[in-house]
>>> print(open('start12.csv').read())   # CSV, C-alpha atoms
chain,number,residue,atom,x,y,z
O,1,MET,CA,-57.8,-138.8,10.0
O,2,VAL,CA,-57.3,-137.3,13.5
O,3,TYR,CA,-60.7,-138.5,14.7
O,4,ILE,CA,-59.9,-142.0,13.4
O,5,LEU,CA,-56.7,-142.0,15.5
O,6,ALA,CA,-58.7,-140.6,18.4
O,7,ALA,CA,-61.2,-143.4,18.2
O,8,LEU,CA,-58.4,-146.0,17.9
O,9,VAL,CA,-56.7,-144.5,21.0
O,10,ILE,CA,-60.0,-144.5,23.0
O,11,PHE,CA,-60.9,-148.1,22.1
O,12,GLY,CA,-57.3,-149.3,22.5
O,13,VAL,CA,-57.1,-147.8,26.0
O,14,LEU,CA,-60.5,-149.1,27.0
O,15,ILE,CA,-59.7,-152.6,25.8
O,16,ALA,CA,-56.4,-152.5,27.6
O,17,VAL,CA,-58.2,-151.4,30.8
O,18,HIS,CA,-60.8,-154.1,30.4
O,19,GLU,CA,-58.4,-156.9,29.9
O,20,TRP,CA,-56.2,-155.5,32.7
O,21,GLY,CA,-59.2,-155.9,35.0
O,22,HIS,CA,-59.5,-159.6,34.1
O,23,TYR,CA,-55.7,-160.0,34.5
O,24,ILE,CA,-55.3,-158.4,37.9
O,25,ALA,CA,-58.4,-160.1,39.2
O,26,ALA,CA,-57.1,-163.5,38.0
O,27,ARG,CA,-53.7,-162.8,39.6
O,28,LEU,CA,-55.3,-161.8,42.9
O,29,CYS,CA,-57.4,-164.9,42.9
O,30,GLY,CA,-54.4,-167.2,42.2
O,31,VAL,CA,-55.4,-168.2,38.6
O,32,THR,CA,-52.6,-168.8,36.1
O,33,VAL,CA,-52.6,-166.3,33.2
O,34,HIS,CA,-51.0,-167.7,30.0
O,35,GLU,CA,-51.4,-164.6,27.8
O,36,PHE,CA,-52.4,-161.0,28.2
O,37,ALA,CA,-53.2,-159.6,24.7
O,38,ILE,CA,-54.2,-156.2,23.4
O,39,GLY,CA,-55.6,-156.4,19.9
O,40,MET,CA,-56.2,-159.5,17.7
O,41,GLY,CA,-54.3,-161.1,14.8
O,42,PRO,CA,-50.6,-161.3,14.2
O,43,LYS,CA,-48.2,-160.3,17.0
O,44,LEU,CA,-46.5,-156.9,16.8
O,45,TYR,CA,-44.7,-157.2,20.1
O,46,HIS,CA,-44.4,-159.8,22.8
O,47,LYS,CA,-42.6,-160.4,26.1
O,48,GLU,CA,-42.8,-163.2,28.6
O,49,LYS,CA,-42.5,-162.5,32.3
O,50,ASN,CA,-43.4,-164.6,35.3
O,51,GLY,CA,-44.9,-167.3,33.1
O,52,CYS,CA,-47.3,-164.9,31.3
O,53,LEU,CA,-46.9,-163.8,27.6
O,54,TYR,CA,-47.7,-160.2,27.1
O,55,THR,CA,-48.6,-159.4,23.5
O,56,LEU,CA,-49.6,-156.4,21.3
O,57,ARG,CA,-51.4,-157.6,18.2
O,58,LEU,CA,-52.0,-156.0,14.8
O,59,LEU,CA,-55.8,-155.5,14.7
O,60,PRO,CA,-57.1,-153.0,17.4
O,61,ILE,CA,-60.5,-154.7,17.6
O,62,GLY,CA,-60.3,-156.5,20.9
O,63,GLY,CA,-58.0,-158.3,23.2
O,64,TYR,CA,-58.1,-161.2,25.6
O,65,CYS,CA,-56.7,-162.6,28.8
O,66,ALA,CA,-56.0,-166.4,28.4
O,67,LEU,CA,-56.6,-168.2,31.7
O,68,GLU,CA,-55.7,-171.8,32.6
O,69,GLY,CA,-58.9,-173.8,32.6
O,70,GLU,CA,-61.1,-171.2,30.9
O,71,GLU,CA,-61.8,-173.0,27.7
O,72,GLU,CA,-61.6,-176.6,29.0
O,73,ALA,CA,-61.3,-178.4,32.3
O,74,SER,CA,-57.8,-178.5,33.9
O,75,ASP,CA,-56.4,-180.4,36.9
O,76,ASP,CA,-54.2,-177.5,37.8
O,77,PRO,CA,-55.2,-176.1,41.2
O,78,HIS,CA,-54.5,-172.7,39.8
O,79,SER,CA,-56.9,-173.1,36.9
O,80,LEU,CA,-60.1,-171.1,36.6
O,81,ASN,CA,-62.3,-174.1,36.6
O,82,ASN,CA,-61.0,-175.1,40.0
O,83,GLN,CA,-61.9,-171.8,41.7
O,84,ASN,CA,-65.0,-171.2,43.7
O,85,LEU,CA,-68.0,-169.4,42.3
O,86,PHE,CA,-67.2,-166.1,44.0
O,87,LYS,CA,-63.7,-165.9,42.5
O,88,LYS,CA,-65.0,-166.8,39.0
O,89,VAL,CA,-67.6,-164.1,39.1
O,90,VAL,CA,-65.1,-161.6,40.3
O,91,ILE,CA,-62.7,-162.4,37.5
O,92,PHE,CA,-65.3,-162.3,34.7
O,93,ALA,CA,-66.9,-159.0,36.1
O,94,ALA,CA,-63.5,-157.3,36.7
O,95,GLY,CA,-63.2,-156.1,33.0
O,96,ALA,CA,-66.5,-154.3,33.0
O,97,PHE,CA,-65.8,-152.9,36.5
O,98,MET,CA,-62.6,-151.4,35.3
O,99,ASN,CA,-64.3,-149.9,32.2
O,100,PHE,CA,-66.8,-148.2,34.6
O,101,VAL,CA,-63.9,-147.0,36.8
O,102,ALA,CA,-62.1,-145.6,33.7
O,103,GLY,CA,-65.2,-143.7,32.8
O,104,LEU,CA,-65.6,-142.3,36.3
O,105,VAL,CA,-61.9,-141.3,36.6
O,106,LEU,CA,-62.1,-139.6,33.2
O,107,LEU,CA,-65.2,-137.6,34.4
O,108,LEU,CA,-63.2,-136.6,37.6
O,109,ILE,CA,-60.4,-135.3,35.4
O,110,LEU,CA,-62.9,-133.4,33.1
O,111,PHE,CA,-64.6,-131.8,36.1
O,112,ALA,CA,-61.4,-130.9,37.9
O,113,ASN,CA,-61.5,-127.3,36.7
O,114,ALA,CA,-65.3,-126.9,36.9
O,115,GLY,CA,-66.5,-123.7,38.6
O,116,GLY,CA,-70.0,-125.0,39.4
O,117,PHE,CA,-72.6,-127.6,38.5
O,118,TYR,CA,-76.2,-127.0,37.3
O,119,THR,CA,-78.7,-128.5,39.7
O,120,ALA,CA,-82.3,-129.5,39.6
O,121,GLU,CA,-83.3,-126.7,42.0
O,122,VAL,CA,-86.6,-124.9,41.2
O,123,ALA,CA,-85.5,-121.4,40.4
O,124,SER,CA,-89.1,-119.9,40.1
O,125,VAL,CA,-92.7,-120.8,39.7
O,126,ARG,CA,-95.3,-118.8,37.7
O,127,GLU,CA,-97.5,-116.5,39.7
O,128,ASP,CA,-100.6,-118.3,38.4
O,129,PHE,CA,-99.1,-121.7,39.1
O,130,PRO,CA,-101.9,-123.7,40.7
O,131,TYR,CA,-99.8,-126.4,42.4
O,132,GLY,CA,-97.7,-124.5,44.8
O,133,GLY,CA,-97.8,-124.0,48.5
O,134,GLU,CA,-96.8,-126.2,51.3
O,135,THR,CA,-98.1,-129.4,49.6
O,136,GLY,CA,-97.0,-128.3,46.1
O,137,ILE,CA,-93.8,-127.1,44.4
O,138,GLN,CA,-92.0,-124.0,45.7
O,139,ALA,CA,-89.0,-122.0,44.5
O,140,GLY,CA,-85.9,-123.5,46.2
O,141,ASP,CA,-87.2,-127.1,46.1
O,142,VAL,CA,-85.0,-129.6,44.4
O,143,ILE,CA,-86.6,-131.9,41.9
O,144,TYR,CA,-85.9,-135.4,43.3
O,145,ARG,CA,-88.0,-137.7,41.1
O,146,ILE,CA,-90.0,-137.4,37.9
O,147,ASP,CA,-92.4,-140.2,37.1
O,148,GLY,CA,-90.4,-142.4,39.5
O,149,HIS,CA,-87.0,-141.6,37.9
O,150,ARG,CA,-84.3,-140.3,40.2
O,151,ILE,CA,-83.1,-136.8,39.2
O,152,TYR,CA,-79.4,-136.2,39.7
O,153,THR,CA,-78.6,-133.2,37.4
O,154,ARG,CA,-80.3,-130.4,35.6
O,155,SER,CA,-80.2,-132.3,32.3
O,156,ASP,CA,-82.1,-135.2,33.9
O,157,VAL,CA,-85.1,-132.9,34.3
O,158,ASP,CA,-85.2,-132.2,30.5
O,159,LEU,CA,-84.7,-135.9,29.8
O,160,PHE,CA,-87.6,-137.2,31.8
O,161,LEU,CA,-89.9,-134.2,31.0
O,162,GLY,CA,-89.2,-135.0,27.4
O,163,ARG,CA,-90.0,-138.7,27.8
O,164,GLY,CA,-93.3,-138.1,29.6
O,165,ASP,CA,-96.7,-138.5,28.0
O,166,GLY,CA,-97.1,-134.8,27.4
O,167,LEU,CA,-100.1,-134.6,29.8
O,168,GLY,CA,-98.4,-134.4,33.3
O,169,TYR,CA,-95.9,-135.8,35.6
O,170,ASP,CA,-95.6,-137.4,39.1
O,171,ILE,CA,-93.1,-135.2,40.9
O,172,GLU,CA,-91.2,-135.6,44.2
O,173,VAL,CA,-89.0,-132.8,45.6
O,174,LEU,CA,-86.5,-132.2,48.3
O,175,ARG,CA,-87.3,-129.3,50.7
O,176,ASN,CA,-84.9,-128.6,53.6
O,177,GLY,CA,-83.6,-132.1,53.4
O,178,GLU,CA,-87.1,-133.7,53.5
O,179,ARG,CA,-88.6,-135.6,50.5
O,180,ILE,CA,-92.0,-134.4,49.7
O,181,ASP,CA,-94.3,-136.2,47.2
O,182,VAL,CA,-96.3,-133.5,45.5
O,183,GLY,CA,-98.2,-136.0,43.4
O,184,TYR,CA,-99.4,-135.6,39.8
O,185,ILE,CA,-98.8,-132.2,38.2
O,186,PRO,CA,-100.7,-131.9,34.9
O,187,LEU,CA,-99.6,-129.5,32.2
O,188,THR,CA,-101.5,-126.3,32.6
O,189,GLU,CA,-102.5,-123.8,29.9
O,190,TYR,CA,-101.0,-120.4,30.6
O,191,THR,CA,-101.7,-117.0,28.8
O,192,GLU,CA,-98.5,-115.2,27.8
O,193,GLU,CA,-98.1,-111.4,27.8
O,194,ASP,CA,-98.7,-111.2,24.1
O,195,GLY,CA,-102.0,-113.0,24.5
O,196,SER,CA,-100.8,-116.4,23.2
O,197,THR,CA,-101.4,-119.5,25.2
O,198,VAL,CA,-98.9,-122.3,26.0
O,199,LYS,CA,-99.2,-125.6,27.9
O,200,ALA,CA,-96.4,-126.0,30.4
O,201,ILE,CA,-95.6,-127.4,33.8
O,202,GLY,CA,-95.3,-123.8,35.2
O,203,ILE,CA,-91.8,-124.0,36.8
O,204,SER,CA,-88.3,-123.1,35.8
O,205,VAL,CA,-85.4,-125.2,37.0
O,206,GLY,CA,-81.7,-124.2,37.2
O,207,GLY,CA,-79.7,-123.8,40.4
O,208,VAL,CA,-75.9,-123.8,40.6
O,209,GLU,CA,-73.8,-125.6,43.2
O,210,GLU,CA,-70.3,-124.5,43.9
O,211,ALA,CA,-67.7,-126.9,42.5
O,212,THR,CA,-66.0,-127.9,45.8
O,213,PHE,CA,-63.9,-131.1,45.9
O,214,LEU,CA,-66.8,-133.1,47.3
O,215,ALA,CA,-69.2,-131.6,44.7
O,216,LYS,CA,-66.8,-132.7,41.9
O,217,LEU,CA,-66.8,-136.2,43.3
O,218,LYS,CA,-70.5,-136.3,43.7
O,219,TYR,CA,-71.3,-135.0,40.2
O,220,SER,CA,-68.7,-137.3,38.6
O,221,TRP,CA,-70.5,-140.2,40.2
O,222,TYR,CA,-73.9,-138.8,39.3
O,223,GLN,CA,-72.8,-138.4,35.6
O,224,ALA,CA,-71.4,-142.0,35.5
O,225,ILE,CA,-74.7,-143.3,37.0
O,226,ASP,CA,-76.6,-141.3,34.4
O,227,PHE,CA,-74.5,-142.9,31.6
O,228,VAL,CA,-75.5,-146.3,32.9
O,229,ARG,CA,-79.2,-145.3,32.9
O,230,LEU,CA,-78.9,-143.9,29.4
O,231,VAL,CA,-77.7,-147.3,28.2
O,232,TRP,CA,-80.6,-149.1,29.9
O,233,ILE,CA,-83.1,-146.5,28.4
O,234,SER,CA,-81.6,-147.0,24.9
O,235,LEU,CA,-81.8,-150.8,25.3
O,236,GLY,CA,-85.4,-150.5,26.4
O,237,ASP,CA,-86.2,-148.3,23.5
O,238,LEU,CA,-84.6,-150.8,21.1
O,239,ILE,CA,-86.5,-153.7,22.6
O,240,THR,CA,-89.9,-151.9,22.5
O,241,GLY,CA,-89.3,-150.6,19.0
O,242,ALA,CA,-89.2,-147.0,20.0
O,243,VAL,CA,-85.9,-146.9,18.1
O,244,GLY,CA,-84.7,-149.2,15.3
O,245,VAL,CA,-81.6,-151.2,14.6
O,246,ASP,CA,-80.8,-148.6,11.9
O,247,GLN,CA,-80.1,-146.1,14.7
O,248,LEU,CA,-77.3,-148.2,16.2
O,249,SER,CA,-73.7,-147.0,15.6
O,250,GLY,CA,-70.5,-149.0,15.1
O,251,PRO,CA,-66.9,-147.9,14.7
O,252,VAL,CA,-67.6,-145.7,11.7
O,253,GLY,CA,-70.5,-144.0,13.4
O,254,ILE,CA,-68.4,-143.4,16.5
O,255,VAL,CA,-65.7,-141.8,14.4
O,256,ASP,CA,-68.3,-139.6,12.7
O,257,ALA,CA,-69.8,-138.6,16.1
O,258,LEU,CA,-66.3,-137.8,17.4
O,259,SER,CA,-65.7,-135.7,14.3
O,260,GLN,CA,-69.0,-133.8,14.9
O,261,VAL,CA,-68.3,-133.3,18.6
O,262,GLY,CA,-64.7,-132.1,18.0
O,263,SER,CA,-65.3,-129.9,14.9
O,264,ASP,CA,-68.7,-128.3,15.6
O,265,PRO,CA,-68.0,-124.6,16.2
O,266,GLU,CA,-70.9,-124.2,18.5
O,267,LEU,CA,-70.1,-127.3,20.6
O,268,SER,CA,-66.3,-126.9,20.4
O,269,PRO,CA,-65.3,-123.2,19.8
O,270,THR,CA,-61.8,-123.8,21.1
O,271,VAL,CA,-59.3,-126.7,21.0
O,272,TRP,CA,-59.8,-127.2,24.8
O,273,ASP,CA,-63.6,-127.5,24.3
O,274,ALA,CA,-63.0,-130.0,21.6
O,275,LEU,CA,-60.7,-132.1,23.8
O,276,TRP,CA,-63.1,-131.8,26.7
O,277,ASN,CA,-66.1,-133.0,24.6
O,278,ILE,CA,-64.1,-135.9,23.1
O,279,GLY,CA,-63.1,-136.9,26.6
O,280,TYR,CA,-66.7,-136.7,27.8
O,281,PHE,CA,-67.7,-138.9,24.8
O,282,ALA,CA,-64.9,-141.3,25.7
O,283,ALA,CA,-66.3,-141.5,29.3
O,284,LEU,CA,-69.7,-142.3,27.9
O,285,ILE,CA,-68.2,-145.1,25.7
O,286,ALA,CA,-66.3,-146.5,28.7
O,287,VAL,CA,-69.5,-146.8,30.8
O,288,ASN,CA,-71.5,-148.1,27.8
O,289,LEU,CA,-69.0,-150.9,27.3
O,290,ALA,CA,-69.1,-151.7,31.0
O,291,VAL,CA,-72.9,-152.1,31.0
O,292,MET,CA,-73.1,-153.9,27.6
O,293,ASN,CA,-70.4,-156.4,28.6
O,294,LEU,CA,-72.4,-157.5,31.6
O,295,LEU,CA,-75.5,-158.4,29.6
O,296,PRO,CA,-76.2,-162.1,29.3
O,297,ILE,CA,-75.3,-162.2,25.6
O,298,PRO,CA,-73.2,-165.1,24.3
O,299,ALA,CA,-69.5,-164.4,24.0
O,300,LEU,CA,-69.7,-161.5,26.5
O,301,ASP,CA,-68.7,-161.7,30.2
O,302,GLY,CA,-72.3,-161.3,31.3
O,303,CYS,CA,-73.2,-164.6,29.6
O,304,LYS,CA,-70.2,-166.3,31.3
O,305,ILE,CA,-71.4,-165.1,34.6
O,306,PHE,CA,-74.9,-166.3,33.7
O,307,PHE,CA,-73.6,-169.8,33.0
O,308,LEU,CA,-71.7,-169.8,36.3
O,309,LEU,CA,-75.0,-169.1,38.1
O,310,VAL,CA,-76.9,-171.7,36.1
O,311,ASN,CA,-74.3,-174.3,36.8
O,312,GLY,CA,-74.3,-173.4,40.5
O,313,VAL,CA,-78.1,-174.0,40.6
O,314,ALA,CA,-77.7,-177.2,38.5
O,315,MET,CA,-75.2,-178.6,40.9
O,316,LEU,CA,-77.5,-177.9,43.9
O,317,LEU,CA,-80.5,-179.5,42.2
O,318,PHE,CA,-79.1,-182.2,39.9
O,319,LYS,CA,-75.4,-182.6,41.0
O,320,ARG,CA,-74.4,-182.0,37.4
O,321,GLN,CA,-73.2,-179.0,35.3
O,322,ILE,CA,-73.5,-178.0,31.7
O,323,PRO,CA,-70.5,-179.6,29.8
O,324,PRO,CA,-68.0,-176.8,29.0
O,325,LYS,CA,-68.0,-177.7,25.3
O,326,TYR,CA,-71.6,-176.8,24.9
O,327,GLU,CA,-71.1,-173.5,26.7
O,328,ASN,CA,-68.2,-172.8,24.3
O,329,TYR,CA,-70.4,-173.6,21.3
O,330,ILE,CA,-72.9,-171.0,22.5
O,331,HIS,CA,-70.2,-168.4,23.0
O,332,ALA,CA,-68.7,-169.2,19.6
O,333,ALA,CA,-72.1,-168.8,17.9
O,334,GLY,CA,-72.7,-165.6,19.9
O,335,PHE,CA,-69.3,-164.2,18.7
O,336,VAL,CA,-70.2,-164.9,15.1
O,337,LEU,CA,-73.6,-163.2,15.5
O,338,LEU,CA,-72.0,-160.2,17.1
O,339,MET,CA,-69.4,-159.9,14.3
O,340,GLY,CA,-72.3,-160.2,11.8
O,341,LEU,CA,-74.2,-157.4,13.6
O,342,MET,CA,-71.1,-155.3,13.6
O,343,VAL,CA,-70.7,-155.7,9.8
O,344,VAL,CA,-74.4,-154.7,9.3
O,345,VAL,CA,-74.1,-151.7,11.6
O,346,THR,CA,-70.8,-150.6,10.0
O,347,PHE,CA,-72.5,-150.9,6.5
O,348,GLN,CA,-75.3,-148.7,7.8
O,349,ASP,CA,-72.9,-146.1,9.2
O,350,VAL,CA,-71.0,-145.9,5.8
O,351,TRP,CA,-74.4,-145.6,4.0
O,352,LYS,CA,-75.4,-142.7,6.2
O,353,LEU,CA,-72.2,-140.9,5.4
O,354,PHE,CA,-72.9,-140.9,1.7
O,355,GLN,CA,-76.6,-140.0,1.9
>>> encode(input="start12.csv", output="structure tokens")
Amino acid sequence: MVYILAALVIFGVLIAVHEWGHYIAARLCGVTVHEFAIGMGPKLYHKEKNGCLYTLRLLPIGGYCALEGEEEASDDPHSLNNQNLFKKVVIFAAGAFMNFVAGLVLLLILFANAGGFYTAEVASVREDFPYGGETGIQAGDVIYRIDGHRIYTRSDVDLFLGRGDGLGYDIEVLRNGERIDVGYIPLTEYTEEDGSTVKAIGISVGGVEEATFLAKLKYSWYQAIDFVRLVWISLGDLITGAVGVDQLSGPVGIVDALSQVGSDPELSPTVWDALWNIGYFAALIAVNLAVMNLLPIPALDGCKIFFLLVNGVAMLLFKRQIPPKYENYIHAAGFVLLMGLMVVVTFQDVWKLFQ
């Protein structure tokens, strides 16, 4: 039960932050806001102030910021449809931006008491490593790229070594502030002390950077950027078929993941560790929501921005725009499809729990 409540709190806060982003951007751009709602369904609480109705609704599955001129054209100079393209994009993107900021701030809080950060510094190379020297990899180098992917943290090294083809890697390092492309490093067969053989890259990675204030800022930013990249990698794997739809998780799956993160004695031996891991998971969800919401999927803000750009081009070329009602039809259909997908994913999550 406690993890269900934790999930409700996390999503409730993130929804509130998202809608507040739309709300504050609309206000700053001079757009009339009719209602700022957290949740859906019947009202639990409402208050009107400065011409805006603030409501808390029963179902914690969403929220909205109702703007003048968003659903249909309005003659009001303070309506959304009468604003320029820049203001419209800012208003639609503000929700996702605030979700990203929420994830970043949460990471800053979590890293506030950190003593140090693991880095991608090369700790050592094998004596029989054939790709060392001035043009190769040396102890003290910092892994900068693997197969073209920027390396920010120690965990990135494991991620992209694990996603390689198992034959070798293109590696770029930092040495004394200078970027050096060491080229392709194939896996080499090494003989261990017990006579066994192993194929490996031949280096060990694991430096530690002191957790100064600037380092905390830097690694909070790095981790947030890594979260963004993980979302893109996951989407790419889904599109290419590397992972299936059955591996997606909905609310039930997220509650189950929170439960595992918070109750696993190895991951969370203390209450503080459990809270820290749940907070880290919440930061991941916040950044995930930010990225997903900007995708050009009907009913999401990214699709609204996409239509703004299409209409901008249409006005330049044809002096006409797509009628708002057709755009609304597309968003309505997209909402129905998203709800259908949510039902399927939720069913899958429940099925997995009973297997």
>>> atom_distance(input="start12.csv", atom1="atom CA of O:Gly140", atom2="atom CA of O:Gly207")
8.5 Å
>>> atom_distance(input="start12.csv", atom1="atom CA of O:Leu85", atom2="atom CA of O:Gly30")
13.8 Å
>>> closest_atom_pairs(input="start12.csv", of="stretch 89-190 of chain O", to="stretch 221-244 of chain O", cutoff="10 Å", atoms="only C-alpha atoms", output="CSV")
residue,atom,partner,partner_atom,distance
O:Phe100,CA,O:Ala224,CA,7.8
O:Val101,CA,O:Ala224,CA,9.1
O:Gly103,CA,O:Ala224,CA,7.0
O:Leu104,CA,O:Ala224,CA,5.9
O:Val105,CA,O:Trp221,CA,9.4
O:Leu106,CA,O:Ala224,CA,9.9
O:Leu107,CA,O:Ala224,CA,7.7
O:Leu108,CA,O:Trp221,CA,8.5
O:His149,CA,O:Arg229,CA,10.0
O:Arg150,CA,O:Asp226,CA,9.7
O:Ile151,CA,O:Asp226,CA,9.2
O:Tyr152,CA,O:Tyr222,CA,6.1
O:Thr153,CA,O:Tyr222,CA,7.6
O:Ser155,CA,O:Asp226,CA,9.9
O:Asp156,CA,O:Asp226,CA,8.2
O:Leu159,CA,O:Leu230,CA,9.9
>>> closest_residue(input="start12.csv", among="O:Glu48, O:Glu134, O:Glu19, O:Asp75", to="O:Gly62", atoms="all atoms listed in the file")
O:Glu19
>>> atom_distance(input="start12.csv", atom1="atom CA of O:Ala112", atom2="atom CA of O:Ser268")
18.6 Å
>>> closest_residue(input="start12.csv", among="O:Lys47, O:His22, O:Arg154, O:Arg320", to="O:Asp301", atoms="all atoms listed in the file")
O:His22
>>> closest_residue(input="start12.csv", among="O:Tyr45, O:Val344, O:Ile171, O:Pro298", to="O:Ala332", atoms="all atoms listed in the file")
O:Pro298
>>> residues_around(input="start12.csv", residues="O:Phe213", least_positions_apart="5", cutoff="12 Å", atoms="all atoms listed in the file", output="list in words")
Leu108, Ile109, Phe111, Ala112, Asn113, Ala114, Gly115, Gly116, Phe117, Lys218, Tyr219 and Ser220 of chain O
>>> closest_residue(input="start12.csv", among="O:Asn328, O:Asn293, O:Thr135, O:Thr270", to="O:Ile15", atoms="only C-alpha atoms")
O:Asn293
>>> residues_around(input="start12.csv", residues="stretch 173-190 of chain O", least_positions_apart="4", cutoff="12 Å", atoms="all atoms listed in the file", output="PyMOL selection string")
chain O and resi 120-122+126-152+157+161+164-169+194-203
>>> closest_residue(input="start12.csv", among="O:Val31, O:Ile61, O:Ile24, O:Val343", to="O:Ala94", atoms="only C-alpha atoms")
O:Ile24
>>> residues_around(input="start12.csv", residues="O:Ala73", least_positions_apart="5", cutoff="12 Å", atoms="only C-alpha atoms", output="number ranges by chain")
O: 67-68, 78-83, 323-325, 328
>>> closest_residue(input="start12.csv", among="O:Ala37, O:Leu316, O:Ile297, O:Met342", to="O:Ala16", atoms="all atoms listed in the file")
O:Ala37
>>> residues_near_point(input="start12.csv", point="(-71.6, -167.9, 33.5)", cutoff="12 Å", atoms="all atoms listed in the file", output="PyMOL selection string")
chain O and resi 70+81+85-86+88-93+294-313+321-322+324+327-328+330-331
>>> write_last_selection(input="start12.csv", atoms="C-alpha atoms", output="PDB file, keeping the file's coordinate frame")
ATOM      1  CA  GLU O  70     -61.100-171.200  30.900  1.00  0.00           C
ATOM      2  CA  ASN O  81     -62.300-174.100  36.600  1.00  0.00           C
ATOM      3  CA  LEU O  85     -68.000-169.400  42.300  1.00  0.00           C
ATOM      4  CA  PHE O  86     -67.200-166.100  44.000  1.00  0.00           C
ATOM      5  CA  LYS O  88     -65.000-166.800  39.000  1.00  0.00           C
ATOM      6  CA  VAL O  89     -67.600-164.100  39.100  1.00  0.00           C
ATOM      7  CA  VAL O  90     -65.100-161.600  40.300  1.00  0.00           C
ATOM      8  CA  ILE O  91     -62.700-162.400  37.500  1.00  0.00           C
ATOM      9  CA  PHE O  92     -65.300-162.300  34.700  1.00  0.00           C
ATOM     10  CA  ALA O  93     -66.900-159.000  36.100  1.00  0.00           C
ATOM     11  CA  LEU O 294     -72.400-157.500  31.600  1.00  0.00           C
ATOM     12  CA  LEU O 295     -75.500-158.400  29.600  1.00  0.00           C
ATOM     13  CA  PRO O 296     -76.200-162.100  29.300  1.00  0.00           C
ATOM     14  CA  ILE O 297     -75.300-162.200  25.600  1.00  0.00           C
ATOM     15  CA  PRO O 298     -73.200-165.100  24.300  1.00  0.00           C
ATOM     16  CA  ALA O 299     -69.500-164.400  24.000  1.00  0.00           C
ATOM     17  CA  LEU O 300     -69.700-161.500  26.500  1.00  0.00           C
ATOM     18  CA  ASP O 301     -68.700-161.700  30.200  1.00  0.00           C
ATOM     19  CA  GLY O 302     -72.300-161.300  31.300  1.00  0.00           C
ATOM     20  CA  CYS O 303     -73.200-164.600  29.600  1.00  0.00           C
ATOM     21  CA  LYS O 304     -70.200-166.300  31.300  1.00  0.00           C
ATOM     22  CA  ILE O 305     -71.400-165.100  34.600  1.00  0.00           C
ATOM     23  CA  PHE O 306     -74.900-166.300  33.700  1.00  0.00           C
ATOM     24  CA  PHE O 307     -73.600-169.800  33.000  1.00  0.00           C
ATOM     25  CA  LEU O 308     -71.700-169.800  36.300  1.00  0.00           C
ATOM     26  CA  LEU O 309     -75.000-169.100  38.100  1.00  0.00           C
ATOM     27  CA  VAL O 310     -76.900-171.700  36.100  1.00  0.00           C
ATOM     28  CA  ASN O 311     -74.300-174.300  36.800  1.00  0.00           C
ATOM     29  CA  GLY O 312     -74.300-173.400  40.500  1.00  0.00           C
ATOM     30  CA  VAL O 313     -78.100-174.000  40.600  1.00  0.00           C
ATOM     31  CA  GLN O 321     -73.200-179.000  35.300  1.00  0.00           C
ATOM     32  CA  ILE O 322     -73.500-178.000  31.700  1.00  0.00           C
ATOM     33  CA  PRO O 324     -68.000-176.800  29.000  1.00  0.00           C
ATOM     34  CA  GLU O 327     -71.100-173.500  26.700  1.00  0.00           C
ATOM     35  CA  ASN O 328     -68.200-172.800  24.300  1.00  0.00           C
ATOM     36  CA  ILE O 330     -72.900-171.000  22.500  1.00  0.00           C
ATOM     37  CA  HIS O 331     -70.200-168.400  23.000  1.00  0.00           C
TER      38      HIS O 331
END
>>> residues_around(input="start12.csv", residues="O:Lys49", least_positions_apart="4", cutoff="12 Å", atoms="all atoms listed in the file", output="list in words")
Val33, His34, Glu35, Phe36, Leu53, Tyr54 and Thr55 of chain O
>>> decode(input="start12.csv", residues="stretch 52-61 of chain O", atoms="N, CA and C atoms", output="compact mmCIF listing (two decimals), in the first residue's frame")
# COMPACT_ATOMS: atom_id res chain seq x y z
N CYS O 52 -9.42 32.89 -12.81
CA CYS O 52 -9.02 31.50 -13.09
C CYS O 52 -9.58 30.57 -12.03
N LEU O 53 -10.13 29.44 -12.46
CA LEU O 53 -10.68 28.45 -11.54
C LEU O 53 -9.59 27.39 -11.26
N TYR O 54 -9.25 27.24 -9.99
CA TYR O 54 -8.25 26.25 -9.58
C TYR O 54 -8.99 25.06 -8.98
N THR O 55 -8.77 23.86 -9.55
CA THR O 55 -9.52 22.69 -9.10
C THR O 55 -8.61 21.50 -8.82
N LEU O 56 -9.02 20.73 -7.82
CA LEU O 56 -8.42 19.43 -7.53
C LEU O 56 -9.50 18.40 -7.79
N ARG O 57 -9.24 17.45 -8.69
CA ARG O 57 -10.27 16.49 -9.10
C ARG O 57 -9.97 15.09 -8.59
N LEU O 58 -10.96 14.25 -8.66
CA LEU O 58 -10.95 12.95 -7.97
C LEU O 58 -9.89 11.98 -8.49
N LEU O 59 -9.79 11.84 -9.81
CA LEU O 59 -8.93 10.80 -10.38
C LEU O 59 -7.51 11.35 -10.64
N PRO O 60 -6.50 10.79 -9.96
CA PRO O 60 -5.12 11.30 -10.12
C PRO O 60 -4.45 10.73 -11.38
N ILE O 61 -5.08 10.93 -12.54
CA ILE O 61 -4.55 10.34 -13.77
C ILE O 61 -4.23 11.40 -14.82
